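**Q** model10.cif is reproduced in full below (mmCIF, C-alpha atoms and all ligand atoms).
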data_upload
loop_
_atom_site.label_atom_id
_atom_site.label_comp_id
_atom_site.auth_asym_id
_atom_site.auth_seq_id
_atom_site.Cartn_x
_atom_site.Cartn_y
_atom_site.Cartn_z
CA MET H 1 -99.29 -4.32 -139.03
CA ASN H 2 -102.97 -4.42 -138.17
CA PHE H 3 -105.27 -1.71 -139.51
CA ALA H 4 -109.01 -2.37 -139.63
CA SER H 5 -109.53 0.71 -141.80
CA GLY H 6 -107.39 2.97 -143.94
CA ILE H 7 -104.94 5.48 -142.42
CA ASN H 8 -106.95 8.53 -141.38
CA ARG H 9 -104.99 11.51 -140.03
CA PRO H 10 -104.59 15.27 -140.50
CA PRO H 11 -102.19 16.23 -143.33
CA TYR H 12 -99.63 17.67 -140.92
CA GLU H 13 -99.36 14.27 -139.24
CA SER H 14 -98.13 12.66 -142.47
CA ALA H 15 -94.59 12.01 -141.17
CA ASP H 16 -95.88 10.07 -138.18
CA GLY H 17 -95.81 6.38 -137.57
CA TYR H 18 -99.28 4.88 -137.20
CA LEU H 19 -100.55 2.44 -134.63
CA GLN H 20 -103.94 0.87 -134.08
CA THR H 21 -104.95 0.63 -130.43
CA THR H 22 -108.71 0.67 -130.97
CA ILE H 23 -110.98 -0.34 -133.83
CA GLY H 24 -114.02 1.67 -134.84
CA CYS H 25 -115.58 4.50 -132.84
CA SER H 26 -116.60 4.34 -129.17
CA HIS H 27 -119.60 6.58 -129.98
CA ASN H 28 -120.57 5.70 -133.57
CA HIS H 29 -123.92 7.55 -133.45
CA CYS H 30 -123.24 10.77 -135.36
CA LEU H 31 -125.87 10.80 -138.11
CA PHE H 32 -123.61 12.48 -140.68
CA CYS H 33 -120.72 10.03 -140.25
CA THR H 34 -120.37 6.70 -141.99
CA TYR H 35 -116.66 6.11 -141.30
CA PHE H 36 -117.01 3.29 -138.80
CA LYS H 37 -120.64 2.19 -139.20
CA ASP H 38 -119.62 -1.35 -140.12
CA GLN H 39 -117.19 -1.81 -137.24
CA LYS H 40 -117.91 -2.81 -133.67
CA PHE H 41 -115.80 -0.73 -131.29
CA GLN H 42 -113.09 -2.66 -129.51
CA THR H 43 -109.68 -2.16 -127.98
CA SER H 44 -107.00 -4.11 -129.80
CA PRO H 45 -105.47 -7.00 -127.82
CA LEU H 46 -102.25 -5.93 -126.09
CA GLY H 47 -100.33 -8.75 -127.75
CA GLU H 48 -101.36 -7.45 -131.16
CA ILE H 49 -100.45 -3.87 -130.21
CA GLU H 50 -97.03 -4.97 -128.98
CA ALA H 51 -96.35 -6.92 -132.18
CA ASP H 52 -97.32 -3.88 -134.24
CA ILE H 53 -95.10 -1.57 -132.16
CA LYS H 54 -92.12 -3.87 -132.79
CA GLU H 55 -92.79 -3.52 -136.55
CA ILE H 56 -92.93 0.29 -136.55
CA PRO H 57 -89.19 0.89 -137.20
CA SER H 58 -89.19 -1.38 -140.25
CA VAL H 59 -92.39 0.17 -141.65
CA PHE H 60 -92.11 3.85 -140.69
CA GLY H 61 -88.39 4.33 -139.99
CA ALA H 62 -87.68 6.51 -136.97
CA PRO H 63 -90.83 8.58 -136.45
CA LYS H 64 -90.87 11.35 -133.87
CA ARG H 65 -94.60 11.05 -133.42
CA ILE H 66 -97.01 8.13 -133.37
CA PHE H 67 -100.62 8.75 -134.43
CA LEU H 68 -103.19 6.38 -132.97
CA GLN H 69 -105.56 5.05 -135.63
CA GLY H 70 -109.31 4.53 -135.33
CA ALA H 71 -111.83 7.19 -134.41
CA ASP H 72 -110.69 7.70 -130.83
CA GLY H 73 -107.67 5.75 -129.71
CA PHE H 74 -107.80 7.59 -126.39
CA ALA H 75 -110.90 5.52 -125.57
CA ALA H 76 -108.50 2.75 -124.54
CA SER H 77 -108.10 2.34 -120.80
CA TYR H 78 -105.49 4.25 -118.80
CA ASP H 79 -103.55 1.02 -118.19
CA THR H 80 -103.55 0.14 -121.90
CA LEU H 81 -102.41 3.62 -122.94
CA MET H 82 -99.61 3.64 -120.36
CA ARG H 83 -98.46 0.20 -121.55
CA VAL H 84 -98.55 1.45 -125.16
CA ALA H 85 -96.35 4.41 -124.19
CA GLU H 86 -93.93 2.12 -122.35
CA LEU H 87 -93.63 -0.21 -125.35
CA LEU H 88 -93.23 2.69 -127.80
CA HIS H 89 -90.37 4.15 -125.75
CA LYS H 90 -88.74 0.72 -125.69
CA TYR H 91 -89.09 -0.24 -129.36
CA VAL H 92 -89.33 3.17 -131.08
CA PRO H 93 -86.69 5.26 -129.31
CA SER H 94 -87.08 8.12 -131.83
CA MET H 95 -90.66 8.64 -130.62
CA GLU H 96 -91.23 11.92 -128.77
CA SER H 97 -95.02 12.13 -128.65
CA ILE H 98 -98.20 10.16 -129.23
CA GLY H 99 -101.31 11.75 -130.72
CA GLY H 100 -104.54 10.76 -132.37
CA TYR H 101 -108.20 11.61 -132.61
CA ALA H 102 -110.20 11.69 -129.39
CA ARG H 103 -113.64 12.39 -128.00
CA ILE H 104 -113.85 14.40 -124.80
CA ASP H 105 -115.59 11.48 -123.11
CA ASN H 106 -112.50 9.34 -123.73
CA PHE H 107 -111.10 11.12 -120.68
CA TYR H 108 -114.10 10.76 -118.36
CA ASP H 109 -112.76 7.47 -116.95
CA LYS H 110 -109.31 8.95 -116.30
CA SER H 111 -108.45 11.02 -113.23
CA ALA H 112 -106.57 14.32 -113.38
CA GLU H 113 -103.49 12.55 -112.06
CA GLN H 114 -103.80 9.84 -114.71
CA ILE H 115 -104.10 12.48 -117.45
CA ARG H 116 -100.95 14.15 -116.11
CA ASN H 117 -99.24 10.75 -116.17
CA LEU H 118 -100.35 10.20 -119.77
CA ALA H 119 -98.88 13.57 -120.74
CA ALA H 120 -95.62 12.75 -118.94
CA ALA H 121 -95.50 9.42 -120.80
CA GLY H 122 -95.65 11.25 -124.15
CA PHE H 123 -99.32 11.61 -125.05
CA ALA H 124 -99.78 15.10 -126.45
CA ASP H 125 -102.12 17.18 -128.59
CA PRO H 126 -105.04 14.81 -129.18
CA TYR H 127 -107.56 16.13 -131.71
CA LYS H 128 -110.82 16.38 -129.80
CA GLY H 129 -113.12 18.61 -131.81
CA LYS H 130 -110.57 21.37 -131.86
CA PHE H 131 -106.79 21.34 -131.41
CA ALA H 132 -106.13 20.66 -127.76
CA SER H 133 -103.28 19.75 -125.47
CA LEU H 134 -102.89 17.36 -122.56
CA HIS H 135 -100.45 19.81 -120.98
S1 LIG D 1 -117.46 10.52 -133.01
FE1 LIG D 1 -116.36 10.92 -134.96
S2 LIG D 1 -115.92 8.91 -135.86
FE2 LIG D 1 -117.46 8.62 -134.23
S3 LIG D 1 -119.45 8.65 -135.31
FE3 LIG D 1 -119.03 10.76 -134.59
S4 LIG D 1 -117.93 11.79 -136.31
FE4 LIG D 1 -117.89 9.55 -136.70
#
Any chance you could give the structure as structure tokens?
Ligand code: SF4
**A**
Amino acid sequence: MNFASGINRPPYESADGYLQTTIGCSHNHCLFCTYFKDQKFQTSPLGEIEADIKEIPSVFGAPKRIFLQGADGFAASYDTLMRVAELLHKYVPSMESIGGYARIDNFYDKSAEQIRNLAAAGFADPYKGKFASLH
């Protein structure tokens, strides 16, 4: 599987499967943070994401939750996130929800209807500064 940096997640997400949909941080200007200073932000190619999703059962078993890696996987476009959800439901049938770190501006390019669609597709409880829900 493709991971540009080490697995970074809250301790209570330790049983998750992990998936990289973005690399680096879409903001990358916080003065106190050096996590992603050496990485240029980019969305992973869909072909790479799909190949990684197919590998999840052999690497992580049958996870109930997938945690998006990178600083803010929700920075990916609506279409990319919906395709990710579709592929996860197809290849990781145990998956019930998809989480990850997020910045509030990750949602500025998504309409209220699109956010409802993301929640219906399984995206839930992104970590955006404080514990929050898409529902
Ligand atoms: S948004 Fe988060 S990951 Fe990005 S620079 Fe700031 S603290 Fe670091």
**Q** Contacts between ligand LIG 1 (chain D) and chain H, please, where a residue of chain H counts if it comes within 8 Å (with all atoms listed in the file); show its shortest atom pair and distance in Å to one decimal, rows by chain and ascending number, as a tab-separated table.
**A**
residue	atom	partner	partner_atom	distance
H:Gly24	CA	D:LIG1	S2	7.6
H:Cys25	CA	D:LIG1	FE2	4.7
H:Ser26	CA	D:LIG1	FE2	6.7
H:His27	CA	D:LIG1	FE2	5.2
H:Asn28	CA	D:LIG1	S3	3.6
H:His29	CA	D:LIG1	S3	5.0
H:Cys30	CA	D:LIG1	FE3	4.3
H:Leu31	CA	D:LIG1	S3	7.3
H:Phe32	CA	D:LIG1	S4	7.2
H:Cys33	CA	D:LIG1	FE4	4.6
H:Thr34	CA	D:LIG1	FE4	6.5
H:Tyr35	CA	D:LIG1	FE4	5.9
H:Phe36	CA	D:LIG1	S2	6.4
H:Lys37	CA	D:LIG1	S3	7.6
H:Gly70	CA	D:LIG1	S2	7.9
H:Ala71	CA	D:LIG1	S2	4.7
H:Asp72	CA	D:LIG1	S2	7.4
H:Arg103	CA	D:LIG1	S1	6.6
**Q** So what do you get for atom CA of H:Ser58 versus atom CA of H:Ser44, distance-wise?
**A**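 Atom CA of H:Ser44 lies 20.8 Å from atom CA of H:Ser58.
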**Q** With a cut-off of 8 Å, could you pull out the residues of stretch 33-102 of chain H touching stretch 120-130 of chain H and give me the nearest pair of atoms for each, distance in Å to one decimal, using all atoms listed in the file, ordered by chain and ascending number, as JSON lines?
**A**
{"residue": "H:Met82", "atom": "CA", "partner": "H:Ala121", "partner_atom": "CA", "distance": 7.1}
{"residue": "H:Ala85", "atom": "CA", "partner": "H:Ala121", "partner_atom": "CA", "distance": 6.1}
{"residue": "H:Glu86", "atom": "CA", "partner": "H:Ala121", "partner_atom": "CA", "distance": 7.6}
{"residue": "H:Glu96", "atom": "CA", "partner": "H:Gly122", "partner_atom": "CA", "distance": 6.4}
{"residue": "H:Ser97", "atom": "CA", "partner": "H:Gly122", "partner_atom": "CA", "distance": 4.6}
{"residue": "H:Ile98", "atom": "CA", "partner": "H:Phe123", "partner_atom": "CA", "distance": 4.6}
{"residue": "H:Gly99", "atom": "CA", "partner": "H:Pro126", "partner_atom": "CA", "distance": 5.1}
{"residue": "H:Gly100", "atom": "CA", "partner": "H:Pro126", "partner_atom": "CA", "distance": 5.2}
{"residue": "H:Tyr101", "atom": "CA", "partner": "H:Tyr127", "partner_atom": "CA", "distance": 4.7}
{"residue": "H:Ala102", "atom": "CA", "partner": "H:Lys128", "partner_atom": "CA", "distance": 4.7}
**Q** How about saving the chosen residues, C-alpha atoms kept, as an mmCIF file, in the coordinates of the input?
**A**
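File produced: selection.cif:
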data_model
loop_
_atom_site.group_PDB
_atom_site.id
_atom_site.type_symbol
_atom_site.label_atom_id
_atom_site.label_comp_id
_atom_site.auth_asym_id
_atom_site.auth_seq_id
_atom_site.Cartn_x
_atom_site.Cartn_y
_atom_site.Cartn_z
ATOM 1 C CA MET H 82 -99.610 3.640 -120.360
ATOM 2 C CA ALA H 85 -96.350 4.410 -124.190
ATOM 3 C CA GLU H 86 -93.930 2.120 -122.350
ATOM 4 C CA GLU H 96 -91.230 11.920 -128.770
ATOM 5 C CA SER H 97 -95.020 12.130 -128.650
ATOM 6 C CA ILE H 98 -98.200 10.160 -129.230
ATOM 7 C CA GLY H 99 -101.310 11.750 -130.720
ATOM 8 C CA GLY H 100 -104.540 10.760 -132.370
ATOM 9 C CA TYR H 101 -108.200 11.610 -132.610
ATOM 10 C CA ALA H 102 -110.200 11.690 -129.390
#
**Q** Using only C-alpha atoms, tabulate the residues of stretch 51-110 of chain H lying at most 10 Å from any atom of stretch 11-16 of chain H, each with its closest atom pair and that distance in Å to one decimal, by chain and increasing residue number, as a Markdown table.
**A**
| residue | atom | partner | partner_atom | distance |
| --- | --- | --- | --- | --- |
| H:Phe60 | CA | H:Asp16 | CA | 7.7 |
| H:Gly61 | CA | H:Asp16 | CA | 9.6 |
| H:Ala62 | CA | H:Asp16 | CA | 9.0 |
| H:Pro63 | CA | H:Asp16 | CA | 5.5 |
| H:Lys64 | CA | H:Asp16 | CA | 6.7 |
| H:Arg65 | CA | H:Asp16 | CA | 5.0 |
| H:Ile66 | CA | H:Asp16 | CA | 5.3 |
| H:Phe67 | CA | H:Asp16 | CA | 6.2 |
| H:Leu68 | CA | H:Asp16 | CA | 9.7 |
| H:Met95 | CA | H:Asp16 | CA | 9.3 |
| H:Ser97 | CA | H:Asp16 | CA | 9.8 |
| H:Ile98 | CA | H:Asp16 | CA | 9.2 |
| H:Gly99 | CA | H:Glu13 | CA | 9.1 |
| H:Gly100 | CA | H:Glu13 | CA | 9.3 |
**Q** Using only C-alpha atoms, find the one residue out of H:Ile49, H:Gln69, H:Ala112, H:Glu55 that sits nearest to H:Gly6.
**A**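 Nearest candidate to H:Gly6 out of H:Ile49, H:Gln69, H:Ala112, H:Glu55: H:Gln69.
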**Q** Could you jot down the atom CA of H:Ile23 to atom CA of H:Arg116 separation for me, Å, one decimal place?
**A**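 Atom CA of H:Arg116 lies 25.0 Å from atom CA of H:Ile23.
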**Q** Using all atoms listed in the file, give me every residue within 10 Å of (-101.7, -4.9, -128.2) in file coordinates, as a list in words.
**A**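 Within 10 Å of (-101.7, -4.9, -128.2), the protein and nucleic acid residues are Leu19, Gln20, Thr21, Thr22, Thr43, Ser44, Pro45, Leu46, Gly47, Glu48, Ile49, Glu50, Ala51, Asp52, Ile53, Thr80, Arg83, Val84 and Leu87 of chain H.
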**Q** Would you mind reading off the distance between atom CA of H:Met1 and atom CA of H:Gln42, one decimal, in Å?
**A**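 Between these atoms lies a distance of 16.8 Å.
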**Q** Considering all atoms listed in the file, state which residue in the set H:Asn106, H:Gln114, H:Ser5, H:Gly17 is at the smallest distance from H:Val59.
**A**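 Distance minimum relative to H:Val59 lands on H:Gly17.
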**Q** Just checking: using only C-alpha atoms, which residue out of H:Ser94, H:Ser77, H:Asn2, H:Gln39 ends up closest to H:Ile115?
**A**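 Of H:Ser94, H:Ser77, H:Asn2, H:Gln39, the one nearest H:Ile115, counting only C-alpha atoms, is H:Ser77.
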**Q** Could you write stretch 112-127 of chain H as a PDB file, in the coordinates of the input, with N, CA, C and O atoms rebuilt where they are missing?
**A**
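And here is the file that came out, part.pdb:
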ATOM      1  N   ALA H 112    -107.500  13.238-113.025  1.00  0.00           N
ATOM      2  CA  ALA H 112    -106.570  14.320-113.380  1.00  0.00           C
ATOM      3  C   ALA H 112    -105.133  13.843-113.261  1.00  0.00           C
ATOM      4  O   ALA H 112    -104.289  14.151-114.118  1.00  0.00           O
ATOM      5  N   GLU H 113    -104.859  13.062-112.220  1.00  0.00           N
ATOM      6  CA  GLU H 113    -103.490  12.550-112.060  1.00  0.00           C
ATOM      7  C   GLU H 113    -103.124  11.607-113.204  1.00  0.00           C
ATOM      8  O   GLU H 113    -102.004  11.636-113.727  1.00  0.00           O
ATOM      9  N   GLN H 114    -104.077  10.760-113.604  1.00  0.00           N
ATOM     10  CA  GLN H 114    -103.800   9.840-114.710  1.00  0.00           C
ATOM     11  C   GLN H 114    -103.558  10.618-116.010  1.00  0.00           C
ATOM     12  O   GLN H 114    -102.688  10.255-116.808  1.00  0.00           O
ATOM     13  N   ILE H 115    -104.304  11.680-116.237  1.00  0.00           N
ATOM     14  CA  ILE H 115    -104.100  12.480-117.450  1.00  0.00           C
ATOM     15  C   ILE H 115    -102.720  13.140-117.408  1.00  0.00           C
ATOM     16  O   ILE H 115    -102.011  13.190-118.425  1.00  0.00           O
ATOM     17  N   ARG H 116    -102.303  13.599-116.226  1.00  0.00           N
ATOM     18  CA  ARG H 116    -100.950  14.150-116.110  1.00  0.00           C
ATOM     19  C   ARG H 116     -99.912  13.066-116.392  1.00  0.00           C
ATOM     20  O   ARG H 116     -98.895  13.308-117.050  1.00  0.00           O
ATOM     21  N   ASN H 117    -100.166  11.849-115.912  1.00  0.00           N
ATOM     22  CA  ASN H 117     -99.240  10.750-116.170  1.00  0.00           C
ATOM     23  C   ASN H 117     -99.176  10.414-117.661  1.00  0.00           C
ATOM     24  O   ASN H 117     -98.096  10.110-118.193  1.00  0.00           O
ATOM     25  N   LEU H 118    -100.326  10.456-118.330  1.00  0.00           N
ATOM     26  CA  LEU H 118    -100.350  10.200-119.770  1.00  0.00           C
ATOM     27  C   LEU H 118     -99.512  11.249-120.510  1.00  0.00           C
ATOM     28  O   LEU H 118     -98.739  10.922-121.421  1.00  0.00           O
ATOM     29  N   ALA H 119     -99.665  12.503-120.103  1.00  0.00           N
ATOM     30  CA  ALA H 119     -98.880  13.570-120.740  1.00  0.00           C
ATOM     31  C   ALA H 119     -97.394  13.353-120.498  1.00  0.00           C
ATOM     32  O   ALA H 119     -96.572  13.501-121.406  1.00  0.00           O
ATOM     33  N   ALA H 120     -97.035  12.976-119.264  1.00  0.00           N
ATOM     34  CA  ALA H 120     -95.620  12.750-118.940  1.00  0.00           C
ATOM     35  C   ALA H 120     -95.067  11.560-119.721  1.00  0.00           C
ATOM     36  O   ALA H 120     -93.875  11.508-120.038  1.00  0.00           O
ATOM     37  N   ALA H 121     -95.932  10.602-120.054  1.00  0.00           N
ATOM     38  CA  ALA H 121     -95.500   9.420-120.800  1.00  0.00           C
ATOM     39  C   ALA H 121     -95.366   9.706-122.297  1.00  0.00           C
ATOM     40  O   ALA H 121     -94.880   8.860-123.045  1.00  0.00           O
ATOM     41  N   GLY H 122     -95.830  10.877-122.744  1.00  0.00           N
ATOM     42  CA  GLY H 122     -95.650  11.250-124.150  1.00  0.00           C
ATOM     43  C   GLY H 122     -96.911  11.545-124.917  1.00  0.00           C
ATOM     44  O   GLY H 122     -96.849  12.014-126.058  1.00  0.00           O
ATOM     45  N   PHE H 123     -98.080  11.288-124.339  1.00  0.00           N
ATOM     46  CA  PHE H 123     -99.320  11.610-125.050  1.00  0.00           C
ATOM     47  C   PHE H 123     -99.489  13.127-125.097  1.00  0.00           C
ATOM     48  O   PHE H 123     -99.378  13.805-124.072  1.00  0.00           O
ATOM     49  N   ALA H 124     -99.733  13.642-126.291  1.00  0.00           N
ATOM     50  CA  ALA H 124     -99.780  15.100-126.450  1.00  0.00           C
ATOM     51  C   ALA H 124    -100.645  15.469-127.641  1.00  0.00           C
ATOM     52  O   ALA H 124    -100.655  14.782-128.666  1.00  0.00           O
ATOM     53  N   ASP H 125    -101.372  16.571-127.501  1.00  0.00           N
ATOM     54  CA  ASP H 125    -102.120  17.180-128.590  1.00  0.00           C
ATOM     55  C   ASP H 125    -103.099  16.230-129.278  1.00  0.00           C
ATOM     56  O   ASP H 125    -103.061  16.063-130.498  1.00  0.00           O
ATOM     57  N   PRO H 126    -103.985  15.581-128.510  1.00  0.00           N
ATOM     58  CA  PRO H 126    -105.040  14.810-129.180  1.00  0.00           C
ATOM     59  C   PRO H 126    -105.982  15.766-129.900  1.00  0.00           C
ATOM     60  O   PRO H 126    -106.134  16.916-129.482  1.00  0.00           O
ATOM     61  N   TYR H 127    -106.602  15.298-130.973  1.00  0.00           N
ATOM     62  CA  TYR H 127    -107.560  16.130-131.710  1.00  0.00           C
ATOM     63  C   TYR H 127    -108.949  15.794-131.180  1.00  0.00           C
ATOM     64  O   TYR H 127    -109.511  14.762-131.508  1.00  0.00           O
TER      65      TYR H 127
END
